[in-house]
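S.K.: To start, I am sharing the structure in question, which I have written as structure tokens.
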Amino acid sequence: MRNRLNTRRLRLPVHLALSVLAAAAVAGCDSFFEVRNPNVIDADTIDPVQDGTLFSRSALQTFASAYGDMIRHTAWFSNESWVGDSFPSRNEFSRRAVDDRNPTLRDEVWIPLTRAISQGEQVIEILGDEPGQELNVARAAVASAFGLTLMGEAFCEGTMRQPGNEPGPLMTPQELLETAVSRFDLAIRLAGGVPGAEAADFLNASRVGRGRALLQLGQGTEAISAVQGVVSDFEFLIPFVDNPGNRERLGNGVYFFSAGGSRVSLVVPPHYREIGQDMTGDPENPEGDPRVPFYDSERDAQDTTLRLWSQLKYSSWASPIRLASGLEARYIEVEARNDPVQMRAFVNERRAVGGQDLYEGDDLLGALMDQRSRDFWLEAKRMGDWRRNGAAVPNILQPGPNYYKPDVGVVFDQTCFSLPFDERVNNPNIN
Amino acid sequence: MNVRSVWCRGVTCLLAMVPLAGMTVFASPVEAQEAGTIQGTVTDARTGTNLSSAQISVVGTQRGTLSAEDGSYRIPNLTPGEIEVRATFLGFATSTQALTLQAGETATVNLQLSPSVLSLDELLVTGTAGRQERRAQAASVASLDAASLTEVAPVTTVGNLLQARTAGVSVTTASGTAGSTQRIRLRGSASVNLSNDPLVFIDGILMDSRQNELFDAGGQAASRLNDLNPNDIESIEIVRGPAASTLYGSDASAGVIHIRTKRGRAGTGFSQNVTYEFGASETVWEGEANFGTCNETLTQIQASLCFGLQAGDWISDNPLTRLDVWQTGIAHSFSWSGRGGGENFGYFLSFYSSEEEGVLPGNEFNRYSGRMNFDFTPRDDLRVDASMGVSRTDNAFPHNDNSQYGYLAGAMLGFPQSVGLTPQEGWFGANRQVEAISAIENSNMVLRVNPSIAANYNPLPWFSHRFNLGADITRSEALEFYPKNDNGWYDTDTENSGQISHRRQNRDQITFDYLGSIRRPIGSSWVADLAFGSQVVATRSDLAGAVGQGLTTNAARSIDAAAQTTGEQQYSESRYGGLLSQLDLAYQDRIYLQLGGRVDRSSAFGRDVDTFYSPKVGVSYVISEEGFFPIGLESAVSTLRLRSVWGATGRSPGSGASLTTFEPAPFALTATSVGSGALPLNPGNPELRAEKGIEWEVGFDAGLLDERIGLEVTYYDKTSQDLLLRRPLAPSVGFHQNPFVNIGEVKNAGWEVGLNARLLDRPGFSWDARANFYTNTNTVTDLGEVQPFGSVVRVVPGFPTFGRWTHVVREFDLANNRAIVSDTVEFIGNPNPGNEGNFSSTFTFFRNLRVYAQVDWMNDYVLENVTDEFRERAFGTGERWVRRNEILSEEEQLQRFGPFVTEDGRALNPAAVMDAYYEDASHIRFRELTVTLSLPADVARALRARGASVAVGARNLALWSNYSGPDPEVNGLAMQNFHRWDFLTLPQPRRFIGRVNLTF
């Protein structure tokens, strides 16, 4: 009996102690709350200096992806291509009616472009003074500089990341282009000191890019100087890969919207079909300019309204896109020098490439722009040409009720892209 | 390695607790005595009808059972002495009888239960620690008698069970596609960026209730909640408020739904129930015709719809009806269950097979499930419950909503001018018709296993333990297939070359909890219940997928057979755990004070595990049992309980949300080689904490007019503090994700009124009615330093979260043919209903014919009619656009189509002016009607059954609404947290069922 009583007395403390132990075991384990998340990379697990090549190549690829986006949207905006898409926000590009809340402007133009610039800038910031990282910094500077050039050419105003991941101030196109020039300078300085073909490519591409930005700034003499030394057959091609698992980042973004992607909506407009070379099996215009190759896909575009005449300049996910070239250097020099004799000779040289007769008119700048629009078709140069030379650039869609899809709205009079609302409202240096 | 992590690593923590738990359970000595038995019958005191599945228990022990089909019960192996036998049953007042049981005696205790619309002695499971009687709960907990509902209502899914049944529960149907999900909100949406889905438990084990979409079918998804067999469910308890804080803590701010499955019946014989149900779904809407205008050429072509008309005439075409696409969705299900038990054990077994077709081809929703619940009471002080649920769900969704490969998009975005002339034949897409759409396969198969074990142990009359350990193991397989074709059916070359995609996902979720409870009297008037325990939930999800593009033939459709292949993997883990304690003080069994608290930790916060505290304090006062009551109200108010509670709950983001991260991002080296790269993903926030929901409620429960009417009224006020917002960074900074910051505040407040009445009770006729009405006012009260964000769905202080905003038309400038609109966007409406209600009635004739009907409504919210906007503005095929000059006034045309100019003279795109397409979606729906006839006993006997019934019923019988689309209740964005639109979304079909039920 005594033992029994003793046991009963022990029951409560034993149960309490065991219960508290059972309960406390749960919350006491820090390690229990340590979980794996292999889908992301913890910043503490990488060394940005040691992984400088990885980050600079990533920056250039981010630019490559944004380049395809810029080609598409500047083409739609400047009537270099028609938009065969049902999204109103994409048609607003073709209607030159892109307001600052346009989701396509934000998601498919501004964010990709600014990510390319910011990633380039981040690499420059982290690796800028590190010995042995010259090629990586040059690579990142190329990405940032061309991104800034495209922004300066296409946007009415812009901004860029500042050191420490801080947002930057509002910048005019002139400021954007001047910053681009400084990044090209950096790339030229660093790449010039590194041996090898890749460094030479960065050097020459930066020279051409620098000339492009200076020409856009109206500094013709400096532009001519910038492109000196670039050989005429130089081409800096952005490589793309047909990787079915990551086509949005690695694939040719122009092909994506021409034939490969889910919304085939990059339609070759009539004024390009008239001059270009029809590569369809039973072509309408087989003798056209080979610089503007296209074909009849024998179907409608995504909007089921326009017939899908597709470009053939980029025929696969893996088609590279030219970013800079000796040819562009020559164009820059000819335009900047504005020498009628030289310009006429150059225009006729280019017309011969396209199977055209000699040019005998007086509108030499117009003729030069016509050749540029063929040579650099779908290379995101037309917005800069238009803003630089205005009416000399052919086939800009004029404002009014003349949109090629009659039920979709009128053409506004915009000449550049607005700064997106999301940037304006979330950037404390702007709002 | 830090000191704390040395003694306990990872899952060993969890495993360590199992033997620990076992030690506490089996530490007590066994005391053998000669046992006694009680037996008897449970009946309805009003009618004398035997009550099946009433819960009979011996107070203070783990002994108990459920009454059999004939109301009988038997509980053997009882320790002789003074015992108290209690019977509880939803809808009836609890009945208790005390007796002295002699050793070896078999005592008969017949229990009569009086109907009661307000059962204060009902025992609750969800959100209760310590005392479980409803009368002791300071917070309102809603109970749904699922077993009864499935008998009378045309319910086929758990979503049907929850929809429009109780106050404070808002269920939005995703679409009319069979098997598609629903959005469930309890007391509104408390979070902006985290999930507002409530937690769902089955018998104490957290279950996977995701809206699961492994391949995009335009926004449609399946709900894992609907994997369950509704016939397995005994009851559903819904915790909408602070009651959730103690037991569910840091992740329960969106509320808790607790599903209790049917249990065995110890001491009774074996009984079986067989149900066969046949159903047919019919669309109530056949799609809208496309309109177009003829030109001169078309009028000359014989095959064209324009042939014989004049240029400028309009034509119309509805490809869905022209090609007879709609179908009758046939459904049939078979359900079997058996239950019974022996001297000290009970069991419930079930099997369920349900196959259902939708009203569009390619839509199937098939479910097969089985359940075994076993309970064992080896001693007076120990009860062990083990259960195993197994289910398989197969569904196939045709694309719909925001998918150009959907039937509705294909048919309603087409151009009638192409009929007879081009391969489009009036459909949207280059060459896509029914054949192309129906050839797309999109199927999901989900296997689930839900094992659980629970032990209730009372080592001392005043000391009890409860352990729960269980898992929800889900294996999903999904297939998406675009057949190879030469017709250019699909948009991309890769799809037209044949594309097959597989995804397989493993998801495991383990729940362990322990709850100890000590009850001691304090003096003669007070009783204290101290509960304490812990809970751990660990979740792991691993998805692997592969895509093959370019098939040689459609028959050889393995990934390996494709020309190009690619793979993917996604993996995530999350864990949380907490310690809890609650003190209940009862004064003379009518005043109850609750004081609770919980401490949680979660993997959400990366390396530095943060701690979250959830306090709770509440009071419940059954004032009608005071001597001074009823103060002259005796004829009107027979029961009155006052209650109020304040508490805090939480919600945590995904694991590692506080960390600075990069995302893998490859780069191209050449046209054929790729390197691995990285991009900035999230800048992180080391100061991150869980969201905290501070909530209070006050209300009363009243039994009126001799308990003929039960009334529950609650006012709630919930403030989500430390709201986790993804602080929008300037995009130019370059991060892919915005970081979480704890800065915002959202408030939800409203009334919940529930009325339960027995309006007529005559020998040959009775009329029971239930009504619920509830309101929710959701307001963003603070965004901290974050600027109001969003464009047309915005988060702005002082307005509902993600309310609808647009430029609104101020006036019509007919002289200049333009609409003048506001300079800035203005608030248009609430995305979620401001108030909802439902009313249902059961009419019973001669005790064997029951007619059940339900009407429900939603008010005060807007739905974006994207279907009309797209057809009219982007495609120009809507009737209102093509025939605008005939059917719309000038003002109406300007309102819908513009051109729009702001008051300060800026031209706006039509997309910025949406007030014509944000429509009032308020509606009333005649939801359900069922007629159930219990067949006479001799008919049942002829079928060798103890009972038999037949029922016919229908769902979605009628709809009243000013909304111009087919169904204001559907939401093509139901998987999203807030957004709501109708974009080519399939309306809910009308569904008819016939049911035969036999009991053996």
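Note on naming: chains are A, B, ... as they come in the structure tokens, residues start from 1 per chain, ligands start from 1 in the order shown.
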What's around Arg503 of chain B at 10 Å? Count only C-alpha atoms, leave out sequence neighbours fewer than 4 positions away in its own chain, and write the answer as a PDB file with all heavy atoms, in the first residue's frame.
M.R.:
```pdb
ATOM      1  N   LEU B 214      -0.060  22.032 -62.221  1.00  0.00           N
ATOM      2  CA  LEU B 214       1.269  21.645 -62.679  1.00  0.00           C
ATOM      3  C   LEU B 214       1.520  22.097 -64.105  1.00  0.00           C
ATOM      4  O   LEU B 214       2.648  22.337 -64.488  1.00  0.00           O
ATOM      5  CB  LEU B 214       1.462  20.132 -62.545  1.00  0.00           C
ATOM      6  CG  LEU B 214       1.649  19.633 -61.108  1.00  0.00           C
ATOM      7  CD1 LEU B 214       1.846  18.129 -61.082  1.00  0.00           C
ATOM      8  CD2 LEU B 214       2.803  20.317 -60.428  1.00  0.00           C
ATOM      9  N   PHE B 215       0.467  22.221 -64.892  1.00  0.00           N
ATOM     10  CA  PHE B 215       0.591  22.825 -66.211  1.00  0.00           C
ATOM     11  C   PHE B 215      -0.507  23.857 -66.372  1.00  0.00           C
ATOM     12  O   PHE B 215      -1.648  23.627 -65.972  1.00  0.00           O
ATOM     13  CB  PHE B 215       0.489  21.772 -67.331  1.00  0.00           C
ATOM     14  CG  PHE B 215       1.706  20.920 -67.460  1.00  0.00           C
ATOM     15  CD1 PHE B 215       1.654  19.570 -67.184  1.00  0.00           C
ATOM     16  CD2 PHE B 215       2.917  21.478 -67.830  1.00  0.00           C
ATOM     17  CE1 PHE B 215       2.784  18.777 -67.286  1.00  0.00           C
ATOM     18  CE2 PHE B 215       4.049  20.701 -67.935  1.00  0.00           C
ATOM     19  CZ  PHE B 215       3.989  19.351 -67.663  1.00  0.00           C
ATOM     20  N   ASN B 444      -3.908  15.382 -65.005  1.00  0.00           N
ATOM     21  CA  ASN B 444      -3.214  15.292 -63.720  1.00  0.00           C
ATOM     22  C   ASN B 444      -3.668  14.045 -62.996  1.00  0.00           C
ATOM     23  O   ASN B 444      -4.854  13.719 -63.025  1.00  0.00           O
ATOM     24  CB  ASN B 444      -3.576  16.478 -62.829  1.00  0.00           C
ATOM     25  CG  ASN B 444      -2.894  17.752 -63.265  1.00  0.00           C
ATOM     26  OD1 ASN B 444      -1.812  18.067 -62.803  1.00  0.00           O
ATOM     27  ND2 ASN B 444      -3.529  18.471 -64.169  1.00  0.00           N
ATOM     28  N   SER B 476       2.059  13.508 -57.348  1.00  0.00           N
ATOM     29  CA  SER B 476       1.312  14.040 -58.496  1.00  0.00           C
ATOM     30  C   SER B 476       2.061  13.767 -59.789  1.00  0.00           C
ATOM     31  O   SER B 476       3.291  13.845 -59.825  1.00  0.00           O
ATOM     32  CB  SER B 476       1.128  15.555 -58.362  1.00  0.00           C
ATOM     33  OG  SER B 476       0.611  15.899 -57.115  1.00  0.00           O
ATOM     34  N   GLU B 477       1.311  13.477 -60.810  1.00  0.00           N
ATOM     35  CA  GLU B 477       1.880  13.342 -62.151  1.00  0.00           C
ATOM     36  C   GLU B 477       1.019  14.145 -63.101  1.00  0.00           C
ATOM     37  O   GLU B 477      -0.211  14.045 -63.063  1.00  0.00           O
ATOM     38  CB  GLU B 477       1.877  11.885 -62.613  1.00  0.00           C
ATOM     39  CG  GLU B 477       2.865  11.003 -61.906  1.00  0.00           C
ATOM     40  CD  GLU B 477       2.873   9.591 -62.489  1.00  0.00           C
ATOM     41  OE1 GLU B 477       2.426   9.428 -63.653  1.00  0.00           O
ATOM     42  OE2 GLU B 477       3.290   8.682 -61.776  1.00  0.00           O
ATOM     43  N   ALA B 478       1.659  14.925 -63.920  1.00  0.00           N
ATOM     44  CA  ALA B 478       0.898  15.718 -64.875  1.00  0.00           C
ATOM     45  C   ALA B 478       1.472  15.523 -66.268  1.00  0.00           C
ATOM     46  O   ALA B 478       2.677  15.330 -66.439  1.00  0.00           O
ATOM     47  CB  ALA B 478       0.942  17.187 -64.497  1.00  0.00           C
ATOM     48  N   LEU B 479       0.592  15.575 -67.224  1.00  0.00           N
ATOM     49  CA  LEU B 479       0.988  15.397 -68.621  1.00  0.00           C
ATOM     50  C   LEU B 479       0.365  16.516 -69.446  1.00  0.00           C
ATOM     51  O   LEU B 479      -0.804  16.861 -69.273  1.00  0.00           O
ATOM     52  CB  LEU B 479       0.471  14.055 -69.149  1.00  0.00           C
ATOM     53  CG  LEU B 479       0.447  13.892 -70.672  1.00  0.00           C
ATOM     54  CD1 LEU B 479       1.858  13.637 -71.199  1.00  0.00           C
ATOM     55  CD2 LEU B 479      -0.478  12.763 -71.095  1.00  0.00           C
ATOM     56  N   GLU B 480       1.179  17.075 -70.317  1.00  0.00           N
ATOM     57  CA  GLU B 480       0.657  18.023 -71.302  1.00  0.00           C
ATOM     58  C   GLU B 480       1.164  17.585 -72.662  1.00  0.00           C
ATOM     59  O   GLU B 480       2.357  17.315 -72.822  1.00  0.00           O
ATOM     60  CB  GLU B 480       1.138  19.431 -70.982  1.00  0.00           C
ATOM     61  CG  GLU B 480       0.522  20.492 -71.873  1.00  0.00           C
ATOM     62  CD  GLU B 480       1.117  21.862 -71.583  1.00  0.00           C
ATOM     63  OE1 GLU B 480       2.348  22.015 -71.721  1.00  0.00           O
ATOM     64  OE2 GLU B 480       0.368  22.761 -71.205  1.00  0.00           O
ATOM     65  N   LEU B 543       9.726  18.793 -57.157  1.00  0.00           N
ATOM     66  CA  LEU B 543       9.097  18.647 -58.472  1.00  0.00           C
ATOM     67  C   LEU B 543      10.177  18.431 -59.522  1.00  0.00           C
ATOM     68  O   LEU B 543      11.188  19.140 -59.548  1.00  0.00           O
ATOM     69  CB  LEU B 543       8.289  19.893 -58.814  1.00  0.00           C
ATOM     70  CG  LEU B 543       7.541  19.906 -60.156  1.00  0.00           C
ATOM     71  CD1 LEU B 543       6.245  20.702 -60.036  1.00  0.00           C
ATOM     72  CD2 LEU B 543       8.371  20.478 -61.292  1.00  0.00           C
ATOM     73  N   ALA B 544       9.977  17.436 -60.359  1.00  0.00           N
ATOM     74  CA  ALA B 544      10.885  17.207 -61.476  1.00  0.00           C
ATOM     75  C   ALA B 544      10.057  17.112 -62.748  1.00  0.00           C
ATOM     76  O   ALA B 544       8.952  16.562 -62.746  1.00  0.00           O
ATOM     77  CB  ALA B 544      11.676  15.919 -61.275  1.00  0.00           C
ATOM     78  N   GLY B 545      10.569  17.677 -63.789  1.00  0.00           N
ATOM     79  CA  GLY B 545       9.816  17.666 -65.034  1.00  0.00           C
ATOM     80  C   GLY B 545      10.722  17.550 -66.233  1.00  0.00           C
ATOM     81  O   GLY B 545      11.935  17.767 -66.153  1.00  0.00           O
ATOM     82  N   ALA B 546      10.141  17.178 -67.333  1.00  0.00           N
ATOM     83  CA  ALA B 546      10.896  17.075 -68.577  1.00  0.00           C
ATOM     84  C   ALA B 546       9.967  17.412 -69.735  1.00  0.00           C
ATOM     85  O   ALA B 546       8.754  17.199 -69.672  1.00  0.00           O
ATOM     86  CB  ALA B 546      11.449  15.668 -68.749  1.00  0.00           C
ATOM     87  N   VAL B 547      10.568  17.975 -70.764  1.00  0.00           N
ATOM     88  CA  VAL B 547       9.815  18.343 -71.956  1.00  0.00           C
ATOM     89  C   VAL B 547      10.520  17.746 -73.166  1.00  0.00           C
ATOM     90  O   VAL B 547      11.750  17.797 -73.261  1.00  0.00           O
ATOM     91  CB  VAL B 547       9.742  19.880 -72.115  1.00  0.00           C
ATOM     92  CG1 VAL B 547       8.958  20.254 -73.375  1.00  0.00           C
ATOM     93  CG2 VAL B 547       9.117  20.525 -70.893  1.00  0.00           C
ATOM     94  N   GLY B 567      14.950  19.436 -69.027  1.00  0.00           N
ATOM     95  CA  GLY B 567      14.453  19.014 -67.721  1.00  0.00           C
ATOM     96  C   GLY B 567      14.415  20.173 -66.747  1.00  0.00           C
ATOM     97  O   GLY B 567      14.973  21.239 -66.990  1.00  0.00           O
ATOM     98  N   GLU B 568      13.776  19.944 -65.626  1.00  0.00           N
ATOM     99  CA  GLU B 568      13.679  20.981 -64.597  1.00  0.00           C
ATOM    100  C   GLU B 568      13.526  20.314 -63.235  1.00  0.00           C
ATOM    101  O   GLU B 568      13.136  19.142 -63.135  1.00  0.00           O
ATOM    102  CB  GLU B 568      12.453  21.867 -64.849  1.00  0.00           C
ATOM    103  CG  GLU B 568      11.152  21.077 -64.805  1.00  0.00           C
ATOM    104  CD  GLU B 568       9.910  21.945 -64.788  1.00  0.00           C
ATOM    105  OE1 GLU B 568       9.983  23.082 -64.317  1.00  0.00           O
ATOM    106  OE2 GLU B 568       8.866  21.437 -65.220  1.00  0.00           O
ATOM    107  N   GLN B 569      13.848  21.061 -62.206  1.00  0.00           N
ATOM    108  CA  GLN B 569      13.590  20.597 -60.843  1.00  0.00           C
ATOM    109  C   GLN B 569      13.321  21.787 -59.947  1.00  0.00           C
ATOM    110  O   GLN B 569      13.958  22.840 -60.074  1.00  0.00           O
ATOM    111  CB  GLN B 569      14.773  19.819 -60.281  1.00  0.00           C
ATOM    112  CG  GLN B 569      14.416  19.172 -58.942  1.00  0.00           C
ATOM    113  CD  GLN B 569      15.608  18.680 -58.152  1.00  0.00           C
ATOM    114  OE1 GLN B 569      16.742  18.935 -58.525  1.00  0.00           O
ATOM    115  NE2 GLN B 569      15.363  18.011 -57.056  1.00  0.00           N
TER     116      GLN B 569
END
```
S.K.: Pick out the residues sitting within 7 Å of Ser603 of chain B, and hand them over as a PyMOL selection string; count only C-alpha atoms, and ignore anything fewer than 3 positions along from it in its own chain.
M.R.: (chain A and resi 33-35) or (chain B and resi 574-576+606+609+655-656)
S.K.: I need the chosen residues saved as an mmCIF file, in the first residue's frame, with N, CA, C and O atoms.
M.R.:
```
data_model
loop_
_atom_site.group_PDB
_atom_site.id
_atom_site.type_symbol
_atom_site.label_atom_id
_atom_site.label_comp_id
_atom_site.auth_asym_id
_atom_site.auth_seq_id
_atom_site.Cartn_x
_atom_site.Cartn_y
_atom_site.Cartn_z
ATOM 1 N N PHE A 33 14.959 23.937 -37.927
ATOM 2 C CA PHE A 33 14.410 24.990 -38.799
ATOM 3 C C PHE A 33 15.353 25.335 -39.953
ATOM 4 O O PHE A 33 15.061 26.233 -40.728
ATOM 5 N N GLU A 34 16.471 24.644 -40.024
ATOM 6 C CA GLU A 34 17.367 24.869 -41.155
ATOM 7 C C GLU A 34 16.909 23.986 -42.310
ATOM 8 O O GLU A 34 16.896 22.769 -42.193
ATOM 9 N N VAL A 35 16.530 24.604 -43.389
ATOM 10 C CA VAL A 35 15.997 23.842 -44.520
ATOM 11 C C VAL A 35 16.800 24.149 -45.773
ATOM 12 O O VAL A 35 17.495 25.150 -45.850
ATOM 13 N N SER B 574 9.872 23.570 -45.757
ATOM 14 C CA SER B 574 9.539 24.555 -44.724
ATOM 15 C C SER B 574 9.179 23.808 -43.448
ATOM 16 O O SER B 574 8.690 22.670 -43.499
ATOM 17 N N ARG B 575 9.462 24.447 -42.352
ATOM 18 C CA ARG B 575 9.154 23.831 -41.054
ATOM 19 C C ARG B 575 8.746 24.913 -40.067
ATOM 20 O O ARG B 575 9.278 26.019 -40.120
ATOM 21 N N TYR B 576 7.802 24.572 -39.250
ATOM 22 C CA TYR B 576 7.551 25.442 -38.110
ATOM 23 C C TYR B 576 7.153 24.610 -36.915
ATOM 24 O O TYR B 576 6.710 23.463 -37.044
ATOM 25 N N GLY B 606 15.193 32.158 -42.625
ATOM 26 C CA GLY B 606 16.575 31.891 -42.973
ATOM 27 C C GLY B 606 17.393 31.387 -41.810
ATOM 28 O O GLY B 606 16.897 30.676 -40.944
ATOM 29 N N VAL B 609 16.649 32.105 -36.933
ATOM 30 C CA VAL B 609 15.268 31.703 -36.709
ATOM 31 C C VAL B 609 14.618 32.673 -35.731
ATOM 32 O O VAL B 609 15.079 32.838 -34.608
ATOM 33 N N SER B 655 10.263 29.654 -46.974
ATOM 34 C CA SER B 655 11.541 29.504 -46.274
ATOM 35 C C SER B 655 12.612 30.387 -46.901
ATOM 36 O O SER B 655 12.662 30.567 -48.111
ATOM 37 N N GLY B 656 13.455 30.911 -46.044
ATOM 38 C CA GLY B 656 14.588 31.704 -46.514
ATOM 39 C C GLY B 656 14.218 33.062 -47.076
ATOM 40 O O GLY B 656 15.013 33.671 -47.793
#
```
S.K.: For the helix (DSSP H, G or I) assignment from backbone DSSP, which residues of segment 23-125 of chain A qualify? Please present them as a PyMOL selection string.
M.R.: chain A and resi 23-27+31-33+43-45+52-77+88-94+103-125
S.K.: May I have the residues within 6 Å of segment 401-413 of chain A as a list in words, using only C-alpha atoms and disregarding those fewer than 3 positions away in the same chain?
M.R.: Arg95, Arg96 and Ala97 of chain A; Ala874 and Gly876 of chain B
S.K.: Produce a file of the selected residues containing C-alpha atoms, as an mmCIF file, in the first residue's frame.
M.R.:
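Output file out28.cif follows:
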```
data_model
loop_
_atom_site.group_PDB
_atom_site.id
_atom_site.type_symbol
_atom_site.label_atom_id
_atom_site.label_comp_id
_atom_site.auth_asym_id
_atom_site.auth_seq_id
_atom_site.Cartn_x
_atom_site.Cartn_y
_atom_site.Cartn_z
ATOM 1 C CA ARG A 95 0.170 53.098 -82.280
ATOM 2 C CA ARG A 96 2.856 55.221 -80.614
ATOM 3 C CA ALA A 97 0.476 55.469 -77.656
ATOM 4 C CA ALA B 874 -9.102 44.427 -78.932
ATOM 5 C CA GLY B 876 -13.794 44.233 -82.592
#
```
S.K.: For Leu66 of chain B, find every residue with an atom within 8 Å (counting only C-alpha atoms), except residues of its own chain fewer than 4 positions away, and show them as number ranges by chain.
M.R.: B: 52-56, 73, 263-266
S.K.: Counting only C-alpha atoms, a student should be able to say which residues of chain B come within 6 Å of chain A; what is the right answer, written as a ChimeraX atom specification?
M.R.: /B:5,8-10,17,429-430,491-493,533-534,566,572-573,575,578,603,660-663,667-668,670-672,677,729-734,874,876
S.K.: Do a neighbour search on Arg224 of chain B at 8 Å with only C-alpha atoms, toss out local chain neighbours closer than 3 positions, and write the hits as a ChimeraX atom specification.
M.R.: /B:208-212,227-228
S.K.: Which of these residues is nearest to Asn817 of chain B, using only C-alpha atoms: B:Gln895, B:Thr777, B:Thr474, B:Asn226?
M.R.: B:Gln895
S.K.: Which of these, A:Thr74, A:Asn431, A:Ser206, A:Asn136, has the shortest distance to Phe155 of chain A once you count only C-alpha atoms?
M.R.: A:Thr74
S.K.: Just list as a VMD selection string whatever in segment 17-202 of chain A DSSP marks as strand (DSSP E).
M.R.: chain A and resid 41 to 42 82 to 83
S.K.: Write to file, as an mmCIF file, in the first residue's frame, the residues of the selection just made, with C-alpha atoms.
M.R.:
```
data_model
loop_
_atom_site.group_PDB
_atom_site.id
_atom_site.type_symbol
_atom_site.label_atom_id
_atom_site.label_comp_id
_atom_site.auth_asym_id
_atom_site.auth_seq_id
_atom_site.Cartn_x
_atom_site.Cartn_y
_atom_site.Cartn_z
ATOM 1 C CA ILE A 41 21.706 30.830 -54.481
ATOM 2 C CA ASP A 42 22.404 32.232 -51.045
ATOM 3 C CA TRP A 82 3.876 45.427 -87.501
ATOM 4 C CA VAL A 83 2.414 44.023 -84.348
#
```
S.K.: As JSON, numbers by chain, please: the residues near segment 971-975 of chain B (cut-off 9 Å, only C-alpha atoms, same-chain neighbours under 3 positions excluded).
M.R.: {"B": [172, 173, 174, 175, 181, 182, 183, 211, 212, 218, 219, 220, 221, 400, 401, 402, 863, 968, 978, 979, 980, 981, 982, 983, 984, 985, 986]}
S.K.: Atom CA of Leu323 of chain A and atom CA of Ile224 of chain A, how far apart in Å?
M.R.: 18.3 Å
S.K.: Could you list, as a list in words, every residue within 9 Å of segment 993-995 of chain B, counting only C-alpha atoms and ignoring same-chain residues fewer than 6 positions away?
M.R.: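 Counting only C-alpha atoms, the residues come to Pro154, Thr275, Tyr276, Glu277, Phe278, Gly279, Ala280, Ser281, Ala331, His332, Thr930, Thr932, Ser949, Val950, Ala951, Val952, Gly953, Ala954 and Arg955 of chain B.
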S.K.: With only C-alpha atoms as the atoms that count, which of B:Ser517, B:Asn77, B:Asn487, B:Ser822 lies nearest to Trp462 of chain B?
M.R.: B:Ser517
